[in-house]
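Note: the block below is entry04.cif and it holds mmCIF, C-alpha atoms and all ligand atoms.
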```cif
data_upload
#
loop_
_atom_site.label_atom_id
_atom_site.label_comp_id
_atom_site.auth_asym_id
_atom_site.auth_seq_id
_atom_site.Cartn_x
_atom_site.Cartn_y
_atom_site.Cartn_z
CA LYS G 8 161.28 155.52 66.84
CA LEU G 9 158.55 157.63 68.43
CA VAL G 10 157.58 159.02 65.04
CA HIS G 11 157.43 155.51 63.57
CA ALA G 12 155.39 154.33 66.54
CA HIS G 13 152.81 157.00 65.70
CA LYS G 14 152.92 155.95 62.02
CA ILE G 15 153.73 159.51 61.00
CA PRO G 16 155.18 159.65 57.49
CA MET G 17 158.74 161.00 57.70
CA LEU G 18 160.48 162.85 54.87
CA GLY G 19 163.79 163.31 56.66
CA TYR G 20 165.23 165.42 59.44
CA LEU G 21 166.80 168.85 59.80
CA HIS G 22 169.40 170.20 62.19
CA LYS G 23 168.75 173.36 64.12
CA PRO G 24 168.87 176.17 63.19
CA VAL G 25 166.56 175.25 60.33
CA SER G 26 167.34 177.04 57.09
CA PRO G 27 164.46 177.83 54.70
CA ASP G 28 166.40 176.24 51.83
CA LYS G 29 166.81 172.92 53.60
CA LEU G 30 163.20 173.02 54.69
CA SER G 31 161.87 173.61 51.19
CA GLU G 32 164.22 170.97 49.81
CA ILE G 33 162.81 168.40 52.17
CA MET G 34 159.23 169.57 51.63
CA SER G 35 159.62 169.18 47.88
CA GLN G 36 159.90 165.44 48.46
CA TRP G 37 156.36 165.36 49.70
CA GLY G 38 154.11 163.81 47.13
CA ALA G 39 151.65 161.09 46.48
CA SER G 40 154.37 158.48 46.14
CA SER G 41 156.39 159.40 49.21
CA SER G 42 153.48 159.48 51.61
CA GLU G 43 152.38 156.26 53.17
CA ASN G 44 148.94 156.21 51.62
CA LYS G 45 148.68 152.46 51.64
CA PRO G 46 145.11 151.25 51.65
CA GLN G 47 143.90 150.62 55.17
CA SER G 48 141.73 147.73 53.98
CA ASN G 49 143.48 145.23 56.23
CA LYS G 50 142.35 147.17 59.29
CA LYS G 51 138.97 145.44 59.15
CA ILE G 52 137.64 144.37 62.51
CA TYR G 53 135.88 141.04 62.56
CA SER G 54 133.03 140.14 64.86
CA ALA G 55 132.97 137.17 67.19
CA ALA G 56 130.20 135.62 65.09
CA GLU G 57 132.28 135.88 61.90
CA LEU G 58 135.22 134.25 63.63
CA GLN G 59 133.04 131.53 65.09
CA SER G 60 131.68 130.62 61.68
CA ALA G 61 135.20 130.68 60.23
CA ILE G 62 136.20 128.07 62.80
CA ALA G 63 133.11 125.99 62.03
CA ASN G 64 133.65 126.26 58.25
CA HIS G 65 137.30 125.22 58.45
CA GLU G 66 138.53 128.55 57.12
CA LEU G 67 141.41 128.58 59.60
CA ILE G 68 144.44 127.00 57.97
CA ASN G 69 147.69 126.06 59.64
CA TYR G 70 150.96 127.26 58.18
CA TYR G 71 154.20 125.77 59.42
CA GLN G 72 157.51 127.58 59.77
CA PRO G 73 160.61 125.34 60.04
CA LYS G 74 163.00 125.42 63.00
CA VAL G 75 166.43 124.14 61.98
CA SER G 76 169.61 123.20 63.82
CA VAL G 77 172.20 125.93 63.35
CA ALA G 78 175.10 123.46 63.76
CA THR G 79 173.94 120.79 61.31
CA GLY G 80 171.14 122.32 59.25
CA GLU G 81 168.85 119.47 60.26
CA VAL G 82 165.14 120.32 60.31
CA ILE G 83 164.16 119.78 63.94
CA GLY G 84 160.60 120.99 64.00
CA VAL G 85 158.00 123.49 62.91
CA GLU G 86 155.99 126.26 64.52
CA THR G 87 152.30 126.22 63.65
CA LEU G 88 151.03 129.68 62.65
CA VAL G 89 147.35 129.94 61.91
CA ARG G 90 145.88 132.04 59.08
CA TRP G 91 142.32 132.71 58.06
CA HIS G 92 141.57 131.97 54.42
CA HIS G 93 138.71 134.44 54.26
CA PRO G 94 136.31 133.83 51.35
CA VAL G 95 136.17 137.57 50.53
CA ASP G 96 139.15 139.26 52.19
CA GLY G 97 141.74 136.62 51.31
CA LEU G 98 144.57 135.78 53.67
CA VAL G 99 144.02 137.24 57.15
CA PHE G 100 146.86 137.14 59.70
CA PRO G 101 146.41 136.13 63.33
CA ASP G 102 146.97 139.62 64.74
CA HIS G 103 143.57 140.43 63.21
CA PHE G 104 141.68 137.69 64.99
CA ILE G 105 143.55 136.15 67.98
CA GLY G 106 142.67 139.14 70.16
CA ILE G 107 139.02 138.85 69.11
CA ALA G 108 139.05 135.16 70.00
CA GLU G 109 140.56 135.98 73.39
CA LYS G 110 137.99 138.68 74.19
CA ASN G 111 135.01 136.57 73.13
CA HIS G 112 135.78 133.26 74.81
CA LEU G 113 136.59 131.64 71.47
CA ILE G 114 140.27 131.05 72.12
CA ASN G 115 139.90 127.49 73.43
CA GLU G 116 137.82 126.59 70.39
CA LEU G 117 140.36 128.21 68.07
CA THR G 118 143.35 126.58 69.74
CA THR G 119 141.62 123.19 69.71
CA CYS G 120 141.07 123.55 65.98
CA VAL G 121 144.71 124.57 65.39
CA LEU G 122 146.00 121.73 67.57
CA THR G 123 143.75 119.11 65.98
CA ASN G 124 144.93 120.08 62.50
CA ALA G 125 148.56 120.22 63.64
CA LEU G 126 148.31 116.73 65.15
CA THR G 127 146.81 115.33 61.95
CA GLN G 128 149.71 116.86 60.04
CA ALA G 129 152.29 115.63 62.58
CA LYS G 130 150.98 112.07 62.12
CA ILE G 131 151.37 112.33 58.36
CA TRP G 132 154.93 113.55 58.76
CA HIS G 133 155.73 110.74 61.21
CA GLU G 134 154.28 108.16 58.83
CA ASN G 135 156.58 109.54 56.15
CA GLY G 136 159.58 109.17 58.44
CA LEU G 137 159.81 112.87 59.32
CA ASN G 138 160.04 113.12 63.08
CA LEU G 139 159.30 116.79 63.39
CA ARG G 140 158.62 118.43 66.71
CA VAL G 141 155.44 120.41 66.26
CA ALA G 142 154.95 123.66 68.16
CA ILE G 143 151.67 125.45 68.69
CA ASN G 144 151.08 128.86 70.23
CA LEU G 145 149.05 129.07 73.40
CA SER G 146 147.39 132.19 74.64
CA MET G 147 147.43 132.85 78.40
CA ASP G 148 143.64 132.66 78.16
CA ASN G 149 143.98 128.99 77.19
CA LEU G 150 145.56 128.39 80.57
CA ALA G 151 142.59 129.57 82.62
CA SER G 152 141.03 126.17 83.29
CA LEU G 153 142.16 122.62 83.88
CA ASP G 154 139.69 121.42 81.23
CA PHE G 155 141.94 122.82 78.56
CA GLN G 156 144.94 120.84 79.68
CA ASP G 157 142.87 117.63 79.79
CA LEU G 158 141.76 118.39 76.25
CA VAL G 159 145.34 118.85 75.05
CA VAL G 160 146.46 115.63 76.72
CA ASN G 161 143.50 113.69 75.26
CA LEU G 162 143.95 115.01 71.72
CA VAL G 163 147.64 114.14 71.71
CA THR G 164 147.00 110.68 73.17
CA GLN G 165 144.20 109.99 70.69
CA ALA G 166 146.50 110.97 67.84
CA GLY G 167 148.96 108.36 69.10
CA LEU G 168 151.69 110.97 69.45
CA SER G 169 154.03 111.48 72.35
CA PRO G 170 153.97 114.74 74.33
CA GLN G 171 157.74 114.96 73.88
CA GLY G 172 157.12 115.76 70.22
CA ILE G 173 154.75 118.63 71.02
CA VAL G 174 156.03 122.10 71.92
CA LEU G 175 153.70 124.58 73.60
CA GLU G 176 154.80 128.17 72.97
CA VAL G 177 153.58 130.57 75.60
CA THR G 178 153.69 134.36 75.51
CA GLU G 179 152.24 136.59 78.09
CA SER G 180 150.73 139.40 76.07
CA GLN G 181 148.90 140.91 78.99
CA VAL G 182 149.63 140.89 82.66
CA MET G 183 148.57 137.63 84.24
CA GLY G 184 145.32 137.91 86.12
CA ALA G 185 145.33 138.39 89.86
CA ASP G 186 145.61 134.64 90.25
CA ALA G 187 148.70 133.36 88.50
CA ARG G 188 148.39 130.00 90.20
CA VAL G 189 146.05 128.47 87.62
CA PRO G 190 148.29 128.97 84.55
CA LEU G 191 151.26 127.93 86.64
CA GLU G 192 149.51 124.74 87.68
CA ILE G 193 148.45 123.90 84.14
CA LEU G 194 151.90 124.50 82.68
CA THR G 195 153.53 122.46 85.42
CA ARG G 196 151.13 119.56 84.86
CA LEU G 197 151.78 119.66 81.12
CA ARG G 198 155.52 119.71 81.76
CA LEU G 199 155.23 116.68 84.07
CA LYS G 200 153.50 114.89 81.21
CA ARG G 201 156.62 115.64 79.13
CA PHE G 202 155.22 118.31 76.85
CA HIS G 203 157.94 120.75 75.84
CA LEU G 204 157.30 124.26 77.10
CA SER G 205 158.69 127.21 75.20
CA ILE G 206 158.81 130.85 76.27
CA ASP G 207 157.94 132.85 73.17
CA ASP G 208 159.00 136.42 72.26
CA PHE G 209 161.47 136.41 75.13
CA GLY G 210 162.38 139.86 76.39
CA THR G 211 159.23 141.62 75.18
CA GLY G 212 156.03 142.42 77.04
CA HIS G 213 155.78 140.23 80.08
CA SER G 214 157.72 137.35 78.55
CA SER G 215 160.68 137.81 80.78
CA LEU G 216 162.79 136.88 83.74
CA ALA G 217 160.02 136.35 86.28
CA GLN G 218 158.50 133.78 83.94
CA LEU G 219 161.80 131.90 83.81
CA ARG G 220 161.90 131.86 87.58
CA ASP G 221 158.37 130.47 87.93
CA ILE G 222 157.76 128.18 84.97
CA PRO G 223 159.84 125.12 83.96
CA PHE G 224 160.49 125.99 80.31
CA ASP G 225 162.51 123.70 78.00
CA GLU G 226 163.04 126.23 75.23
CA LEU G 227 163.62 129.96 75.01
CA LYS G 228 162.75 131.87 71.84
CA ILE G 229 164.70 135.08 71.49
CA ASP G 230 162.35 137.67 70.05
CA GLN G 231 162.96 138.64 66.43
CA SER G 232 163.45 142.28 67.39
CA PHE G 233 166.69 141.24 69.17
CA VAL G 234 167.92 138.88 66.46
CA HIS G 235 167.75 140.54 63.07
CA ARG G 236 170.71 142.95 62.74
CA ALA G 237 172.15 142.03 66.16
CA TRP G 238 175.40 141.32 64.30
CA THR G 239 175.81 145.05 63.61
CA ASP G 240 173.94 146.81 66.42
CA ASP G 241 175.63 146.84 69.83
CA THR G 242 172.42 147.29 71.81
CA LEU G 243 170.65 144.41 70.08
CA ARG G 244 173.77 142.31 70.42
CA ALA G 245 173.93 142.87 74.18
CA ILE G 246 170.30 141.81 74.59
CA TYR G 247 170.74 138.82 72.25
CA ASP G 248 173.87 137.66 74.16
CA ALA G 249 172.20 138.08 77.54
CA SER G 250 169.14 136.08 76.45
CA LEU G 251 171.30 133.29 75.04
CA SER G 252 173.36 133.24 78.19
CA VAL G 253 170.43 133.04 80.61
CA ALA G 254 168.90 130.20 78.56
CA LYS G 255 172.16 128.25 78.54
CA GLN G 256 172.68 128.70 82.25
CA LEU G 257 169.19 127.35 82.85
CA GLY G 258 169.82 124.39 80.55
CA MET G 259 167.24 125.48 77.99
CA GLU G 260 167.34 125.05 74.24
CA THR G 261 167.63 128.38 72.39
CA VAL G 262 165.73 129.42 69.27
CA ALA G 263 166.47 132.66 67.45
CA GLU G 264 163.41 134.03 65.66
CA GLY G 265 163.40 136.44 62.74
CA VAL G 266 166.61 135.20 61.11
CA GLU G 267 166.35 137.13 57.87
CA ASP G 268 169.74 136.98 56.16
CA GLN G 269 173.15 135.33 56.02
CA HIS G 270 174.61 137.83 58.52
CA ASP G 271 171.97 136.91 61.11
CA TRP G 272 172.63 133.22 60.44
CA GLU G 273 176.40 133.65 60.90
CA LEU G 274 175.88 135.35 64.26
CA LEU G 275 173.89 132.34 65.49
CA ARG G 276 176.68 130.04 64.32
CA GLN G 277 179.35 132.07 66.06
CA THR G 278 177.41 132.32 69.31
CA GLY G 279 176.19 128.71 69.46
CA CYS G 280 172.46 129.33 69.32
CA ASP G 281 170.75 125.92 68.94
CA LEU G 282 167.91 126.56 66.49
CA ALA G 283 167.06 129.14 63.86
CA GLN G 284 163.67 130.24 62.60
CA GLY G 285 162.97 132.99 60.10
CA ASN G 286 162.57 133.98 56.50
CA PHE G 287 166.24 133.22 55.76
CA VAL G 288 165.39 129.57 56.39
CA SER G 289 161.79 129.63 55.22
CA ARG G 290 158.61 131.64 55.43
CA PRO G 291 155.66 129.89 57.07
CA LEU G 292 154.52 127.23 54.56
CA GLN G 293 151.39 125.27 53.91
CA ALA G 294 151.93 121.58 54.56
CA ALA G 295 151.65 120.79 50.84
CA ASN G 296 154.79 122.85 50.13
CA PHE G 297 156.85 121.39 52.93
CA SER G 298 158.59 118.55 51.10
CA THR G 299 159.64 120.78 48.18
CA TRP G 300 161.10 123.24 50.66
CA THR G 301 162.90 120.41 52.52
CA GLU G 302 164.71 119.36 49.32
CA GLU G 303 165.71 122.96 48.56
CA TRP G 304 166.92 123.43 52.09
CA LYS G 305 169.03 120.24 52.01
CA ASN G 306 170.66 121.57 48.85
CA ARG G 307 171.43 124.90 50.48
CA VAL G 308 173.00 123.07 53.42
CA ARG G 309 175.03 120.79 51.11
CA ASN G 310 176.19 123.78 49.10
CA GLY G 311 177.99 125.33 52.02
CA LEU G 312 175.45 127.13 54.17
CA ILE G 313 176.90 125.44 57.24
CA ALA G 314 180.55 125.61 56.23
CA ASP G 315 182.36 128.86 56.94
CA SER G 316 181.11 131.03 54.15
CA VAL G 317 180.70 134.82 54.01
O1 LIG H 401 153.24 134.87 61.40
P1 LIG H 401 152.29 135.53 62.17
O2 LIG H 401 151.79 136.84 61.65
O3 LIG H 401 151.31 134.43 61.90
O4 LIG H 401 152.07 135.46 63.71
C1 LIG H 401 151.56 136.55 64.44
C2 LIG H 401 151.33 136.19 65.87
O5 LIG H 401 150.21 135.33 65.99
C3 LIG H 401 152.49 135.48 66.53
O6 LIG H 401 152.77 136.19 67.71
C4 LIG H 401 151.95 134.12 66.88
O7 LIG H 401 152.44 133.71 68.15
C5 LIG H 401 150.46 134.33 66.92
N1 LIG H 401 149.76 133.10 66.57
C6 LIG H 401 149.84 132.42 65.42
N2 LIG H 401 149.07 131.29 65.48
C7 LIG H 401 148.49 131.29 66.72
C8 LIG H 401 147.60 130.40 67.41
O8 LIG H 401 147.18 129.36 66.90
N3 LIG H 401 147.24 130.75 68.67
C9 LIG H 401 147.69 131.87 69.29
N4 LIG H 401 147.26 132.12 70.54
N5 LIG H 401 148.54 132.73 68.69
C10 LIG H 401 148.93 132.44 67.42
O1 LIG H 402 154.75 133.30 67.68
P1 LIG H 402 155.55 134.46 67.22
O2 LIG H 402 155.19 135.78 67.71
O3 LIG H 402 157.01 134.25 67.49
O4 LIG H 402 155.39 134.40 65.63
C1 LIG H 402 156.40 134.60 64.75
C2 LIG H 402 156.03 135.77 63.87
O5 LIG H 402 157.17 136.22 63.14
C3 LIG H 402 155.02 135.45 62.83
O6 LIG H 402 154.28 136.61 62.61
C4 LIG H 402 155.86 135.11 61.60
O7 LIG H 402 155.15 135.21 60.39
C5 LIG H 402 156.92 136.17 61.74
N1 LIG H 402 158.20 135.85 61.13
C6 LIG H 402 158.75 134.64 60.93
N2 LIG H 402 159.99 134.75 60.39
C7 LIG H 402 160.23 136.07 60.25
C8 LIG H 402 161.35 136.82 59.77
O8 LIG H 402 162.40 136.30 59.36
N3 LIG H 402 161.24 138.17 59.81
C9 LIG H 402 160.12 138.80 60.26
N4 LIG H 402 160.12 140.14 60.25
N5 LIG H 402 159.06 138.14 60.72
C10 LIG H 402 159.11 136.79 60.72
MN MN H 403 155.43 131.54 68.57
#
```
Before anything else, please render the file you have as structure tokens.
Ligand code: G
Ligand code: G
Ligand code: MN
Amino acid sequence: KLVHAHKIPMLGYLHKPVSPDKLSEIMSQWGASSSENKPQSNKKIYSAAELQSAIANHELINYYQPKVSVATGEVIGVETLVRWHHPVDGLVFPDHFIGIAEKNHLINELTTCVLTNALTQAKIWHENGLNLRVAINLSMDNLASLDFQDLVVNLVTQAGLSPQGIVLEVTESQVMGADARVPLEILTRLRLKRFHLSIDDFGTGHSSLAQLRDIPFDELKIDQSFVHRAWTDDTLRAIYDASLSVAKQLGMETVAEGVEDQHDWELLRQTGCDLAQGNFVSRPLQAANFSTWTEEWKNRVRNGLIADSV
């Protein structure tokens, strides 16, 4: 894991004492194809000005990843995941620009844009009889001033939607500033207005037990690193079970993220996790592809996804 963390290409491993034969065998695998010489093009660092103009030019596009009921297969909601449709570089993922927005005081502007577009889409879904709960991701930096919460409340009210249908996913990527009272106050106010609060990436970084103690969350999202393959890995399974258990004891809804295959899905069924999200269900989709996916999904459910298969 340490080697992977340093992104060092690995050919294999040898037991001590190392024999020259084994060493040369392993070294013979070294070649252009085995080394990780992927182009580093995606490592581009964008400036605040570029990001600002992307926001202004509507280059940020919302994708939506479904959250489905594990027990019934019903589509309960979606998580909004923003992408940058860059005119030259193509599709740019949020890990390449959310941090830049946070550092350059652009995160409120970015989140407002994401929320506005998500609310427009939520209205369209409602008008078509799809009562989807729509989740958006908040950065801790969004929770630094009361203005932001007023903005959220006003946008949702103006859209004619009810806060109950809006989920705010919060991760704490960095340690909360010296004064944790402001984010706590904002989250509590939003909760009193009936917004659903979700603790994202639970168990990683600072998204953990102290947060559960202090903030009235409705939903707990078990991080994907504890979900995929938990059916076969005892360590992952212990962490997955503990997360599920703490959420249930606190009366929270549970979402497993990163559900990638049928085995993962079966584990959620066996353990009574409420909602599933991940590539096994669907990748993040553009709104235009949502109804096609819904039909496909209904067919998968009808054809025995929910019944005891595997
Ligand atoms: O699928 P993906 O690569 O989009 O998501 C990467 C990360 O970016 C996730 O941790 C997700 O929470 C975050 N993210 C996606 N959209 C937004 C957003 O609108 N605001 C914030 N703050 N984070 C987002
Ligand atoms: O907000 P959050 O950090 O939870 O964002 C979810 C992230 O996980 C996004 O980057 C999304 O694209 C990604 N993702 C969604 N489903 C899967 C999955 O099944 N497997 C993996 N590896 N990543 C996923
Ligand atoms: Mn999220």
Using all atoms listed in the file, find each protein or nucleic acid residue lying at most 7 Å from ligand MN 403 (chain H); present the set as an mmCIF file with C-alpha atoms, in the coordinates of the input.
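Listed below is the output, result07.cif:
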```cif
data_model
loop_
_atom_site.group_PDB
_atom_site.id
_atom_site.type_symbol
_atom_site.label_atom_id
_atom_site.label_comp_id
_atom_site.auth_asym_id
_atom_site.auth_seq_id
_atom_site.Cartn_x
_atom_site.Cartn_y
_atom_site.Cartn_z
ATOM 1 C CA GLU G 86 155.990 126.260 64.520
ATOM 2 C CA ASN G 144 151.080 128.860 70.230
ATOM 3 C CA GLU G 176 154.800 128.170 72.970
ATOM 4 C CA ASP G 207 157.940 132.850 73.170
#
```
Find the residues near ligand LIG 402 (chain H). Use a cut-off of 10 Å, count all atoms listed in the file, and write them as JSON, numbers by chain. {"G": [70, 71, 72, 73, 86, 87, 88, 89, 90, 100, 101, 102, 142, 143, 144, 145, 176, 177, 178, 206, 207, 208, 209, 228, 229, 230, 231, 232, 234, 235, 263, 264, 265, 266, 267, 268, 271, 283, 284, 285, 286, 287, 288, 289, 290, 291, 292]}
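CA of Ile15 in chain G sits 20.1 Å away from CA of Lys29 in chain G.
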What does the structure give for the distance between CA of Ser205 in chain G and CA of Tyr53 in chain G, in Å to one decimal? 29.5 Å
Measuring atom to atom with all atoms listed in the file, identify which of G:Ala12, G:Asp148, G:Glu81, G:Trp37 is nearest to ligand LIG 401 (chain H).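 Answer, going by the shortest atom-to-atom distance: G:Asp148.
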Just to confirm, what's the straight-line distance from CA of Val75 in chain G to CA of Leu282 in chain G in Å (one decimal)? 5.3 Å
Using all atoms listed in the file, which residue out of G:Glu57, G:Glu66, G:Asp28, G:Glu109 lies closest to ligand LIG 401 (chain H)? G:Glu109
Residue contacts of Pro190 in chain G (8 Å, all atoms listed in the file) excluding same-chain residues fewer than 6 positions away, as a PDB file with C-alpha atoms, in the frame of the given file:
```
ATOM      1  CA  MET G 147     147.430 132.850  78.400  1.00  0.00           C
ATOM      2  CA  LEU G 150     145.560 128.390  80.570  1.00  0.00           C
ATOM      3  CA  ALA G 151     142.590 129.570  82.620  1.00  0.00           C
ATOM      4  CA  SER G 152     141.030 126.170  83.290  1.00  0.00           C
TER       5      SER G 152
END
```
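If all atoms listed in the file are the atoms counted, then among G:Asn135, G:Thr79, G:Gln156, G:Thr118 the closest residue to Thr195 in chain G is G:Gln156.
Of the residues listed (G:Phe104, G:Phe233, G:Phe202, G:Tyr247), G:Phe104 shows the shortest atom-to-atom separation from ligand LIG 401 (chain H); distances use all atoms listed in the file.
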Choose the residue, out of G:Gly106, G:Ser31, G:Lys14, G:Pro24, that has the smallest atom-to-atom separation from ligand LIG 401 (chain H); count all atoms listed in the file.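 Smallest distance to ligand LIG 401 (chain H) is found for G:Gly106.
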For each of G:Glu32, G:Glu192, G:Glu179, G:Asp240, take the minimum atom-to-atom distance to ligand LIG 401 (chain H), counting only C-alpha atoms and all ligand atoms, then give the residue where this is smallest. G:Glu179
